[in-house]
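*Asks:* For reference, the file protein-v3.pdb (PDB, C-alpha atoms) is included below:
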```pdb
ATOM      1  CA  MET L   1     -85.603  62.591 -14.026
ATOM      2  CA  LYS L   2     -82.333  62.094 -12.163
ATOM      3  CA  LEU L   3     -78.988  61.905 -13.969
ATOM      4  CA  ASN L   4     -75.573  61.179 -12.507
ATOM      5  CA  LEU L   5     -72.660  63.361 -13.575
ATOM      6  CA  GLY L   6     -69.210  62.047 -12.725
ATOM      7  CA  THR L   7     -65.798  63.710 -12.762
ATOM      8  CA  ILE L   8     -65.519  66.387 -15.448
ATOM      9  CA  ARG L   9     -62.209  67.543 -16.894
ATOM     10  CA  SER L  10     -61.254  69.539 -19.991
ATOM     11  CA  ASN L  11     -60.782  66.509 -22.213
ATOM     12  CA  CYS L  12     -62.756  64.406 -24.658
ATOM     13  CA  SER L  13     -64.212  62.271 -21.853
ATOM     14  CA  GLY L  14     -65.412  65.361 -19.986
ATOM     15  CA  PHE L  15     -67.134  66.841 -23.020
ATOM     16  CA  ASN L  16     -68.606  63.440 -23.856
ATOM     17  CA  ALA L  17     -70.074  63.149 -20.339
ATOM     18  CA  ILE L  18     -71.706  66.571 -20.640
ATOM     19  CA  ALA L  19     -73.046  65.662 -24.078
ATOM     20  CA  ASP L  20     -74.486  62.482 -22.553
ATOM     21  CA  VAL L  21     -76.780  64.660 -20.419
ATOM     22  CA  ALA L  22     -78.017  66.359 -23.587
ATOM     23  CA  VAL L  23     -78.661  63.033 -25.326
ATOM     24  CA  LYS L  24     -80.596  61.566 -22.394
ATOM     25  CA  THR L  25     -82.797  64.673 -22.081
ATOM     26  CA  LYS L  26     -83.221  65.417 -25.771
ATOM     27  CA  ASP L  27     -86.989  64.914 -25.827
ATOM     28  CA  VAL L  28     -87.780  66.077 -22.279
ATOM     29  CA  TRP L  29     -90.242  68.966 -21.900
ATOM     30  CA  PHE L  30     -92.057  70.480 -18.902
ATOM     31  CA  ASP L  31     -90.201  68.185 -16.517
ATOM     32  CA  SER L  32     -87.834  68.309 -13.548
ATOM     33  CA  ILE L  33     -84.237  67.244 -14.140
ATOM     34  CA  GLU L  34     -81.825  66.682 -11.275
ATOM     35  CA  LEU L  35     -78.105  66.493 -11.973
ATOM     36  CA  ASP L  36     -76.616  64.368  -9.208
ATOM     37  CA  LEU L  37     -72.900  65.086  -8.691
ATOM     38  CA  SER L  38     -72.332  62.701  -5.774
ATOM     39  CA  SER L  39     -69.890  60.680  -7.898
ATOM     40  CA  CYS L  40     -68.069  63.769  -9.201
ATOM     41  CA  SER L  41     -64.666  63.772  -7.501
ATOM     42  CA  PHE L  42     -63.432  66.783  -9.476
ATOM     43  CA  PHE L  43     -65.020  69.363 -11.775
ATOM     44  CA  GLU L  44     -62.699  71.610 -13.743
ATOM     45  CA  ALA L  45     -64.447  74.942 -13.310
ATOM     46  CA  ASN L  46     -64.070  76.181 -16.906
ATOM     47  CA  MET L  47     -66.284  73.251 -17.970
ATOM     48  CA  ALA L  48     -69.240  75.099 -16.457
ATOM     49  CA  ALA L  49     -69.601  76.867 -19.826
ATOM     50  CA  PRO L  50     -70.329  73.754 -21.947
ATOM     51  CA  LEU L  51     -72.440  72.281 -19.128
ATOM     52  CA  TYR L  52     -74.636  75.359 -19.141
ATOM     53  CA  ALA L  53     -74.971  75.139 -22.934
ATOM     54  CA  VAL L  54     -76.809  71.867 -22.269
ATOM     55  CA  ILE L  55     -78.748  73.237 -19.281
ATOM     56  CA  SER L  56     -79.863  76.349 -21.184
ATOM     57  CA  ARG L  57     -81.561  74.197 -23.800
ATOM     58  CA  LEU L  58     -83.363  72.270 -21.086
ATOM     59  CA  ARG L  59     -84.539  75.508 -19.524
ATOM     60  CA  ASP L  60     -85.647  76.797 -22.913
ATOM     61  CA  ASP L  61     -87.833  73.685 -23.130
ATOM     62  CA  LEU L  62     -89.450  74.757 -19.839
ATOM     63  CA  ASN L  63     -87.729  72.155 -17.701
ATOM     64  CA  ASP L  64     -86.759  72.785 -14.099
ATOM     65  CA  VAL L  65     -83.058  71.910 -13.725
ATOM     66  CA  SER L  66     -81.352  71.456 -10.369
ATOM     67  CA  ILE L  67     -77.913  70.338  -9.188
ATOM     68  CA  SER L  68     -77.651  68.148  -6.103
ATOM     69  CA  ASN L  69     -75.221  66.248  -3.868
ATOM     70  CA  LEU L  70     -72.110  68.211  -4.732
ATOM     71  CA  PRO L  71     -68.975  67.126  -2.858
ATOM     72  CA  SER L  72     -67.643  70.020  -0.781
ATOM     73  CA  GLY L  73     -64.637  70.664  -3.010
ATOM     74  CA  VAL L  74     -66.758  70.778  -6.159
ATOM     75  CA  SER L  75     -69.316  73.005  -4.455
ATOM     76  CA  THR L  76     -66.607  75.420  -3.313
ATOM     77  CA  ILE L  77     -65.072  75.971  -6.743
ATOM     78  CA  LEU L  78     -68.461  76.291  -8.499
ATOM     79  CA  ARG L  79     -69.596  78.795  -5.899
ATOM     80  CA  LYS L  80     -66.359  80.750  -6.266
ATOM     81  CA  ASN L  81     -66.761  81.010 -10.031
ATOM     82  CA  LYS L  82     -70.424  82.033  -9.612
ATOM     83  CA  PHE L  83     -71.788  79.105 -11.631
ATOM     84  CA  LEU L  84     -74.022  77.902  -8.797
ATOM     85  CA  SER L  85     -75.560  81.361  -8.458
ATOM     86  CA  VAL L  86     -77.695  80.512 -11.507
ATOM     87  CA  PHE L  87     -79.163  77.778  -9.282
ATOM     88  CA  ASN L  88     -79.765  80.269  -6.466
ATOM     89  CA  GLN L  89     -76.859  79.005  -4.395
ATOM     90  CA  PRO L  90     -74.737  81.609  -2.567
ATOM     91  CA  GLU L  91     -71.416  82.731  -4.021
ATOM     92  CA  LEU L  92     -68.064  82.402  -2.293
ATOM     93  CA  THR L  93     -65.345  85.047  -2.488
ATOM     94  CA  ASP L  94     -62.444  83.930  -4.653
ATOM     95  CA  THR L  95     -59.656  85.058  -2.328
ATOM     96  CA  ASN L  96     -56.985  83.297  -4.406
ATOM     97  CA  GLN L  97     -58.188  84.976  -7.613
ATOM     98  CA  THR L  98     -57.919  81.820  -9.699
ATOM     99  CA  THR L  99     -61.387  81.929 -11.264
ATOM    100  CA  LEU L 100     -62.650  83.672 -14.354
ATOM    101  CA  PRO L 101     -66.305  83.788 -13.314
ATOM    102  CA  PHE L 102     -69.119  82.131 -15.203
ATOM    103  CA  LYS L 103     -71.106  84.651 -17.247
ATOM    104  CA  ILE L 104     -74.132  84.465 -19.517
ATOM    105  CA  LEU L 105     -73.723  87.129 -22.196
ATOM    106  CA  LYS L 106     -76.359  88.260 -24.643
ATOM    107  CA  LEU L 107     -75.540  88.086 -28.341
ATOM    108  CA  THR L 108     -75.285  91.888 -28.385
ATOM    109  CA  ALA L 109     -72.982  92.075 -25.350
ATOM    110  CA  GLY L 110     -69.681  92.607 -27.153
ATOM    111  CA  ASP L 111     -68.731  95.479 -24.841
ATOM    112  CA  GLN L 112     -69.410  93.319 -21.797
ATOM    113  CA  PHE L 113     -67.192  90.585 -23.217
ATOM    114  CA  ASN L 114     -64.361  93.069 -23.732
ATOM    115  CA  ASP L 115     -64.856  94.339 -20.178
ATOM    116  CA  TYR L 116     -64.673  90.725 -18.983
ATOM    117  CA  LEU L 117     -61.334  90.246 -20.761
ATOM    118  CA  ASP L 118     -59.985  93.526 -19.342
ATOM    119  CA  THR L 119     -60.965  92.480 -15.833
ATOM    120  CA  TYR L 120     -59.995  88.819 -15.748
ATOM    121  CA  MET L 121     -57.363  88.178 -18.438
ATOM    122  CA  ARG L 122     -54.654  89.881 -16.426
ATOM    123  CA  GLY L 123     -52.163  88.025 -14.302
ATOM    124  CA  ARG L 124     -53.288  84.460 -13.604
ATOM    125  CA  GLY L 125     -50.061  83.141 -15.045
ATOM    126  CA  ILE L 126     -50.380  84.500 -18.585
ATOM    127  CA  PRO L 127     -46.893  84.917 -20.105
ATOM    128  CA  THR L 128     -45.633  88.443 -20.636
ATOM    129  CA  MET L 129     -46.929  89.959 -23.886
ATOM    130  CA  SER L 130     -46.204  93.286 -25.497
ATOM    131  CA  GLU L 131     -49.010  95.824 -25.495
ATOM    132  CA  ALA L 132     -49.559  95.307 -29.219
ATOM    133  CA  LEU L 133     -49.720  91.517 -28.902
ATOM    134  CA  THR L 134     -52.021  91.746 -25.885
ATOM    135  CA  LYS L 135     -54.387  93.853 -27.983
ATOM    136  CA  ARG L 136     -54.267  91.409 -30.904
ATOM    137  CA  PHE L 137     -54.687  88.418 -28.595
ATOM    138  CA  ARG L 138     -57.829  89.907 -27.076
ATOM    139  CA  GLN L 139     -59.095  90.815 -30.532
ATOM    140  CA  SER L 140     -58.758  87.147 -31.467
ATOM    141  CA  LEU L 141     -60.748  86.115 -28.381
ATOM    142  CA  PHE L 142     -63.359  88.703 -29.324
ATOM    143  CA  GLU L 143     -63.555  87.206 -32.830
ATOM    144  CA  ILE L 144     -64.389  83.826 -31.284
ATOM    145  CA  PHE L 145     -67.149  85.482 -29.250
ATOM    146  CA  LEU L 146     -68.413  87.388 -32.296
ATOM    147  CA  ASN L 147     -68.376  84.245 -34.422
ATOM    148  CA  ALA L 148     -70.511  82.499 -31.799
ATOM    149  CA  THR L 149     -73.016  85.352 -31.713
ATOM    150  CA  ILE L 150     -73.367  85.368 -35.502
ATOM    151  CA  HIS L 151     -73.270  81.694 -36.403
ATOM    152  CA  SER L 152     -74.789  79.906 -33.412
ATOM    153  CA  GLN L 153     -78.323  81.159 -34.198
ATOM    154  CA  SER L 154     -79.019  80.704 -30.495
ATOM    155  CA  LYS L 155     -81.079  83.129 -28.452
ATOM    156  CA  ALA L 156     -79.823  81.646 -25.180
ATOM    157  CA  GLY L 157     -76.635  83.699 -25.365
ATOM    158  CA  ILE L 158     -72.955  82.912 -25.004
ATOM    159  CA  PHE L 159     -71.472  81.257 -21.909
ATOM    160  CA  VAL L 160     -67.956  82.094 -20.777
ATOM    161  CA  CYS L 161     -65.749  81.184 -17.841
ATOM    162  CA  GLY L 162     -62.243  80.063 -17.044
ATOM    163  CA  GLN L 163     -59.933  78.766 -14.374
ATOM    164  CA  PHE L 164     -56.291  79.238 -13.433
ATOM    165  CA  TYR L 165     -54.757  76.005 -12.121
ATOM    166  CA  PRO L 166     -51.485  77.172 -10.463
ATOM    167  CA  ASN L 167     -50.386  73.669  -9.461
ATOM    168  CA  LYS L 168     -51.024  72.328 -12.969
ATOM    169  CA  HIS L 169     -49.453  75.403 -14.588
ATOM    170  CA  ARG L 170     -52.373  76.129 -16.888
ATOM    171  CA  LEU L 171     -55.068  78.681 -17.512
ATOM    172  CA  ASP L 172     -58.218  77.549 -19.328
ATOM    173  CA  PHE L 173     -60.607  80.023 -20.943
ATOM    174  CA  THR L 174     -63.814  78.607 -22.386
ATOM    175  CA  ILE L 175     -66.544  80.008 -24.651
ATOM    176  CA  ALA L 176     -69.647  77.922 -25.388
ATOM    177  CA  ASP L 177     -73.001  78.331 -27.086
ATOM    178  CA  ALA L 178     -76.121  76.229 -27.506
ATOM    179  CA  GLY L 179     -76.458  76.915 -31.212
ATOM    180  CA  VAL L 180     -76.735  74.871 -34.393
ATOM    181  CA  GLY L 181     -73.088  73.815 -34.351
ATOM    182  CA  ILE L 182     -70.193  74.094 -36.801
ATOM    183  CA  ARG L 183     -71.392  71.134 -38.864
ATOM    184  CA  GLU L 184     -74.642  72.838 -39.873
ATOM    185  CA  ASN L 185     -72.942  76.102 -40.847
ATOM    186  CA  VAL L 186     -70.233  74.395 -42.905
ATOM    187  CA  ARG L 187     -72.758  72.076 -44.578
ATOM    188  CA  GLN L 188     -74.823  75.045 -45.698
ATOM    189  CA  TYR L 189     -71.813  76.991 -46.913
ATOM    190  CA  THR L 190     -70.041  74.150 -48.751
ATOM    191  CA  LYS L 191     -73.276  72.607 -50.073
ATOM    192  CA  MET L 192     -72.065  69.270 -48.666
ATOM    193  CA  PRO L 193     -75.112  67.999 -46.737
ATOM    194  CA  LYS L 194     -73.441  64.764 -45.612
ATOM    195  CA  LEU L 195     -70.328  66.359 -44.117
ATOM    196  CA  ASN L 196     -69.790  64.911 -40.626
ATOM    197  CA  SER L 197     -68.922  66.856 -37.462
ATOM    198  CA  CYS L 198     -65.223  65.984 -37.466
ATOM    199  CA  LYS L 199     -64.691  66.957 -41.106
ATOM    200  CA  ALA L 200     -66.660  70.162 -40.567
ATOM    201  CA  ILE L 201     -64.444  71.220 -37.637
ATOM    202  CA  GLU L 202     -61.305  70.363 -39.623
ATOM    203  CA  TRP L 203     -62.616  72.519 -42.475
ATOM    204  CA  ALA L 204     -63.381  75.400 -40.094
ATOM    205  CA  MET L 205     -59.932  75.172 -38.476
ATOM    206  CA  ALA L 206     -58.043  75.204 -41.774
ATOM    207  CA  GLU L 207     -56.454  78.587 -42.434
ATOM    208  CA  GLY L 208     -58.367  80.596 -45.030
ATOM    209  CA  ASN L 209     -61.629  78.688 -44.671
ATOM    210  CA  THR L 210     -64.626  80.692 -43.521
ATOM    211  CA  THR L 211     -68.397  80.707 -43.838
ATOM    212  CA  LYS L 212     -68.197  84.503 -43.810
ATOM    213  CA  THR L 213     -70.788  86.477 -45.743
ATOM    214  CA  GLY L 214     -70.877  90.236 -46.206
ATOM    215  CA  ASN L 215     -69.112  92.151 -43.445
ATOM    216  CA  GLN L 216     -69.213  89.312 -40.938
ATOM    217  CA  PRO L 217     -65.893  88.170 -39.438
ATOM    218  CA  GLY L 218     -64.488  84.986 -40.910
ATOM    219  CA  GLY L 219     -63.215  81.810 -39.336
ATOM    220  CA  LEU L 220     -63.095  81.090 -35.625
ATOM    221  CA  GLY L 221     -60.558  83.819 -34.873
ATOM    222  CA  LEU L 222     -57.924  81.303 -33.886
ATOM    223  CA  LYS L 223     -55.026  81.990 -36.304
ATOM    224  CA  LEU L 224     -52.971  84.194 -33.964
ATOM    225  CA  ILE L 225     -53.927  82.126 -30.926
ATOM    226  CA  LYS L 226     -52.836  78.904 -32.657
ATOM    227  CA  ASP L 227     -49.474  80.485 -33.464
ATOM    228  CA  PHE L 228     -49.063  81.498 -29.827
ATOM    229  CA  ILE L 229     -50.201  78.137 -28.435
ATOM    230  CA  GLN L 230     -47.744  76.255 -30.629
ATOM    231  CA  ILE L 231     -44.827  78.149 -29.071
ATOM    232  CA  ASN L 232     -46.317  78.389 -25.575
ATOM    233  CA  GLY L 233     -47.032  74.663 -25.234
ATOM    234  CA  GLY L 234     -50.715  75.113 -24.522
ATOM    235  CA  LYS L 235     -53.751  73.635 -26.182
ATOM    236  CA  ILE L 236     -56.905  74.516 -28.128
ATOM    237  CA  GLN L 237     -60.012  72.333 -28.021
ATOM    238  CA  VAL L 238     -63.068  72.739 -30.222
ATOM    239  CA  VAL L 239     -66.161  70.626 -29.594
ATOM    240  CA  SER L 240     -69.302  70.721 -31.699
ATOM    241  CA  ARG L 241     -71.951  68.040 -32.123
ATOM    242  CA  PHE L 242     -70.087  64.716 -32.514
ATOM    243  CA  GLY L 243     -66.708  66.307 -33.218
ATOM    244  CA  TYR L 244     -63.794  66.773 -30.804
ATOM    245  CA  TYR L 245     -60.749  68.667 -32.104
ATOM    246  CA  GLU L 246     -57.493  69.346 -30.287
ATOM    247  CA  PHE L 247     -54.490  71.419 -31.337
ATOM    248  CA  SER L 248     -51.154  71.710 -29.494
ATOM    249  CA  ALA L 249     -47.434  71.861 -30.168
ATOM    250  CA  ASN L 250     -47.634  68.108 -30.759
ATOM    251  CA  GLY L 251     -49.953  68.633 -33.720
ATOM    252  CA  GLU L 252     -53.679  68.334 -34.158
ATOM    253  CA  PHE L 253     -56.151  65.500 -34.064
ATOM    254  CA  VAL L 254     -59.877  65.078 -34.330
ATOM    255  CA  ARG L 255     -62.060  62.247 -33.106
ATOM    256  CA  LYS L 256     -65.730  61.387 -33.091
ATOM    257  CA  MET L 257     -67.435  61.543 -29.708
ATOM    258  CA  ASP L 258     -69.979  58.965 -28.629
ATOM    259  CA  ASN L 259     -72.527  61.656 -27.776
ATOM    260  CA  ASP L 260     -73.943  64.698 -29.553
ATOM    261  CA  PHE L 261     -72.924  67.985 -27.901
ATOM    262  CA  PRO L 262     -75.625  70.530 -28.815
ATOM    263  CA  GLY L 263     -73.752  73.634 -29.853
ATOM    264  CA  THR L 264     -70.107  74.655 -29.988
ATOM    265  CA  CYS L 265     -67.418  75.062 -27.352
ATOM    266  CA  VAL L 266     -63.919  76.518 -27.739
ATOM    267  CA  ASN L 267     -61.428  76.046 -24.904
ATOM    268  CA  ILE L 268     -58.042  77.781 -24.934
ATOM    269  CA  GLU L 269     -55.455  76.410 -22.533
ATOM    270  CA  ILE L 270     -52.349  78.494 -21.834
ATOM    271  CA  ASN L 271     -49.202  76.974 -20.368
ATOM    272  CA  THR L 272     -48.490  79.256 -17.396
ATOM    273  CA  GLU L 273     -45.094  77.645 -16.739
ATOM    274  CA  ASP L 274     -43.883  79.491 -19.823
ATOM    275  CA  THR L 275     -41.505  82.296 -18.751
ATOM    276  CA  SER L 276     -40.966  83.686 -22.257
ATOM    277  CA  SER L 277     -41.934  87.200 -23.289
ATOM    278  CA  TYR L 278     -43.943  87.564 -26.483
ATOM    279  CA  CYS L 279     -44.422  90.257 -29.095
ATOM    280  CA  LEU L 280     -45.543  90.530 -32.696
ATOM    281  CA  LYS L 281     -42.971  89.906 -35.428
ATOM    282  CA  ALA L 282     -43.609  93.417 -36.702
ATOM    283  CA  GLU L 283     -42.373  94.825 -33.383
ATOM    284  CA  LEU L 284     -38.910  93.256 -33.715
ATOM    285  CA  LYS L 285     -36.473  95.901 -34.924
ATOM    286  CA  SER L 286     -33.561  94.900 -37.083
ATOM    287  CA  GLU L 287     -30.082  96.086 -36.080
ATOM    288  CA  ASP L 288     -29.078  99.539 -37.269
ATOM    289  CA  ILE L 289     -27.025  99.441 -40.416
ATOM    290  CA  PHE L 290     -24.206 101.935 -40.563
TER     291      PHE L 290
END
```
Translate this structure into structure tokens?
*Replies:*
Amino acid sequence: MKLNLGTIRSNCSGFNAIADVAVKTKDVWFDSIELDLSSCSFFEANMAAPLYAVISRLRDDLNDVSISNLPSGVSTILRKNKFLSVFNQPELTDTNQTTLPFKILKLTAGDQFNDYLDTYMRGRGIPTMSEALTKRFRQSLFEIFLNATIHSQSKAGIFVCGQFYPNKHRLDFTIADAGVGIRENVRQYTKMPKLNSCKAIEWAMAEGNTTKTGNQPGGLGLKLIKDFIQINGGKIQVVSRFGYYEFSANGEFVRKMDNDFPGTCVNIEINTEDTSSYCLKAELKSEDIF
């Protein structure tokens, strides 16, 4: 089976195109699937995470998946971020240090995820943050990872990567899984079996809502990040099954996608043109009173 994959960007159309691959291969087992990228003029490298969420399911179903006919520019960036190494293609050194490399992390690899953040979430245009805020920010990212490990129910692992786009003044960091999706978890928790994907994501993104049980972390871990993004002028995207959600300083909106994305993907986009310095409110000292 040969499928064409066109230009992929971090937007609803890009996620929908990746989900289209999942839909067209939903019932394919023990087969060979070739993803033809000859018509892909640009592939935003952080989108390798949701693409692999689809590919991992195909591989779990014992399919042989290959990628062919990559334009040179697309090949270069996907070799630099190590995504093509999972297809036995050689890596390229990222001399410009703009990539956050593609990684497949086991559900128990929390320490590796923290090491990843320590290594790659420095520089790359991130606005100046106090030490305390930096710690909290990374804790929030870790909560997203932990939520995926607990609620995805996927043995394939968690897929992470990112990309700094200096000319576009943005840094995208993406976490994806090939699990059951937000809709299934929220349906079970709320006992609302007909809840659709969009409503389920809206429920999950509302402050205070969580499918937490016992000592498990609640929510998606996005409260602090949403507060930061609103000031920073960045963006948060959450995609799961038929739902596409986007939050920015302009507000939030959710729309139904044409295709079913199997799993969940969270993309955090930071505005790197932001020259502000950030700290926690608790760190601000009031003036001395004499």
*Asks:* Considering only C-alpha atoms, state which residue in the set L:Ala178, L:Val186, L:Leu195, L:Leu37 is at the smallest distance from Ile55 in chain L.
*Replies:* L:Ala178
*Asks:* Using the chain letters and numbers from this file, what does the PyMOL selection byres ((chain L and resi 76) around 12) select? Give the answer as a short mmCIF file (atom, residue, chain, number, x, y, z; two decimals) with C-alpha atoms, keeping the file's coordinate frame.
*Replies:*
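selection27.cif, freshly written:
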```
data_model
loop_
_atom_site.label_atom_id
_atom_site.label_comp_id
_atom_site.auth_asym_id
_atom_site.auth_seq_id
_atom_site.Cartn_x
_atom_site.Cartn_y
_atom_site.Cartn_z
CA PHE L 42 -63.43 66.78 -9.48
CA PHE L 43 -65.02 69.36 -11.78
CA GLU L 44 -62.70 71.61 -13.74
CA ALA L 45 -64.45 74.94 -13.31
CA LEU L 70 -72.11 68.21 -4.73
CA PRO L 71 -68.97 67.13 -2.86
CA SER L 72 -67.64 70.02 -0.78
CA GLY L 73 -64.64 70.66 -3.01
CA VAL L 74 -66.76 70.78 -6.16
CA SER L 75 -69.32 73.00 -4.46
CA ILE L 77 -65.07 75.97 -6.74
CA LEU L 78 -68.46 76.29 -8.50
CA ARG L 79 -69.60 78.80 -5.90
CA LYS L 80 -66.36 80.75 -6.27
CA ASN L 81 -66.76 81.01 -10.03
CA LYS L 82 -70.42 82.03 -9.61
CA PHE L 83 -71.79 79.10 -11.63
CA LEU L 84 -74.02 77.90 -8.80
CA SER L 85 -75.56 81.36 -8.46
CA GLN L 89 -76.86 79.00 -4.39
CA PRO L 90 -74.74 81.61 -2.57
CA GLU L 91 -71.42 82.73 -4.02
CA LEU L 92 -68.06 82.40 -2.29
CA THR L 93 -65.34 85.05 -2.49
CA ASP L 94 -62.44 83.93 -4.65
CA THR L 95 -59.66 85.06 -2.33
CA THR L 99 -61.39 81.93 -11.26
#
```
*Asks:* Distance table requested - range 80-186 of chain L against range 49-53 of chain L, cut-off 10 Å, all atoms listed in the file: one row per qualifying residue with the closest atom pair and its distance in Å to one decimal, ordered by chain and rising residue number, as JSON lines.
*Replies:*
```
{"residue": "L:Phe83", "atom": "CA", "partner": "L:Ala49", "partner_atom": "CA", "distance": 8.8}
{"residue": "L:Val86", "atom": "CA", "partner": "L:Tyr52", "partner_atom": "CA", "distance": 9.7}
{"residue": "L:Phe102", "atom": "CA", "partner": "L:Ala49", "partner_atom": "CA", "distance": 7.0}
{"residue": "L:Lys103", "atom": "CA", "partner": "L:Ala49", "partner_atom": "CA", "distance": 8.3}
{"residue": "L:Ile104", "atom": "CA", "partner": "L:Ala49", "partner_atom": "CA", "distance": 8.9}
{"residue": "L:Ala156", "atom": "CA", "partner": "L:Ala53", "partner_atom": "CA", "distance": 8.4}
{"residue": "L:Gly157", "atom": "CA", "partner": "L:Ala53", "partner_atom": "CA", "distance": 9.1}
{"residue": "L:Ile158", "atom": "CA", "partner": "L:Ala53", "partner_atom": "CA", "distance": 8.3}
{"residue": "L:Phe159", "atom": "CA", "partner": "L:Ala49", "partner_atom": "CA", "distance": 5.2}
{"residue": "L:Val160", "atom": "CA", "partner": "L:Ala49", "partner_atom": "CA", "distance": 5.6}
{"residue": "L:Cys161", "atom": "CA", "partner": "L:Ala49", "partner_atom": "CA", "distance": 6.1}
{"residue": "L:Gly162", "atom": "CA", "partner": "L:Ala49", "partner_atom": "CA", "distance": 8.5}
{"residue": "L:Phe173", "atom": "CA", "partner": "L:Ala49", "partner_atom": "CA", "distance": 9.6}
{"residue": "L:Thr174", "atom": "CA", "partner": "L:Ala49", "partner_atom": "CA", "distance": 6.6}
{"residue": "L:Ile175", "atom": "CA", "partner": "L:Ala49", "partner_atom": "CA", "distance": 6.5}
{"residue": "L:Ala176", "atom": "CA", "partner": "L:Pro50", "partner_atom": "CA", "distance": 5.4}
{"residue": "L:Asp177", "atom": "CA", "partner": "L:Ala53", "partner_atom": "CA", "distance": 5.6}
{"residue": "L:Ala178", "atom": "CA", "partner": "L:Ala53", "partner_atom": "CA", "distance": 4.8}
{"residue": "L:Gly179", "atom": "CA", "partner": "L:Ala53", "partner_atom": "CA", "distance": 8.6}
```
*Asks:* Expand the PyMOL selection byres ((chain L and resi 280) around 10) into the explicit residue set it covers here, and present it as a PDB file with C-alpha atoms, in the frame of the given file.
*Replies:*
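For reference, expr00.pdb as written:
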```pdb
ATOM      1  CA  MET L 129     -46.929  89.959 -23.886  1.00  0.00           C
ATOM      2  CA  SER L 130     -46.204  93.286 -25.497  1.00  0.00           C
ATOM      3  CA  GLU L 131     -49.010  95.824 -25.495  1.00  0.00           C
ATOM      4  CA  ALA L 132     -49.559  95.307 -29.219  1.00  0.00           C
ATOM      5  CA  LEU L 133     -49.720  91.517 -28.902  1.00  0.00           C
ATOM      6  CA  THR L 134     -52.021  91.746 -25.885  1.00  0.00           C
ATOM      7  CA  ARG L 136     -54.267  91.409 -30.904  1.00  0.00           C
ATOM      8  CA  LEU L 224     -52.971  84.194 -33.964  1.00  0.00           C
ATOM      9  CA  TYR L 278     -43.943  87.564 -26.483  1.00  0.00           C
ATOM     10  CA  CYS L 279     -44.422  90.257 -29.095  1.00  0.00           C
ATOM     11  CA  LYS L 281     -42.971  89.906 -35.428  1.00  0.00           C
ATOM     12  CA  ALA L 282     -43.609  93.417 -36.702  1.00  0.00           C
ATOM     13  CA  GLU L 283     -42.373  94.825 -33.383  1.00  0.00           C
ATOM     14  CA  LEU L 284     -38.910  93.256 -33.715  1.00  0.00           C
TER      15      LEU L 284
END
```
*Asks:* Counting only C-alpha atoms, which residues come within 12 Å of (-71.7, 64.5, -42.3), with the point read in the file's coordinates, and could you list them as a PyMOL selection string?
*Replies:* chain L and resi 182-188+190-201+241-243+256
*Asks:* Expanded to explicit residues, what is the PyMOL selection byres ((chain L and resi 249) around 6) for this file, as number ranges by chain?
*Replies:* L: 230, 233, 248, 250-251
*Asks:* Write to file, as an mmCIF file, in the frame of the given file, the residues of the selection just made, with C-alpha atoms.
*Replies:*
```cif
data_model
loop_
_atom_site.group_PDB
_atom_site.id
_atom_site.type_symbol
_atom_site.label_atom_id
_atom_site.label_comp_id
_atom_site.auth_asym_id
_atom_site.auth_seq_id
_atom_site.Cartn_x
_atom_site.Cartn_y
_atom_site.Cartn_z
ATOM 1 C CA GLN L 230 -47.744 76.255 -30.629
ATOM 2 C CA GLY L 233 -47.032 74.663 -25.234
ATOM 3 C CA SER L 248 -51.154 71.710 -29.494
ATOM 4 C CA ASN L 250 -47.634 68.108 -30.759
ATOM 5 C CA GLY L 251 -49.953 68.633 -33.720
#
```
*Asks:* Using only the atoms of range 221-234 of chain L listed in the file, plus 8 Å on each side, state the axis-aligned box centre and edge lengths in Å rounded to one decimal, as AutoDock Vina command-line options.
*Replies:*
```
--center_x -52.7 --center_y 79.4 --center_z -30.4 --size_x 31.7 --size_y 25.5 --size_z 27.8
```
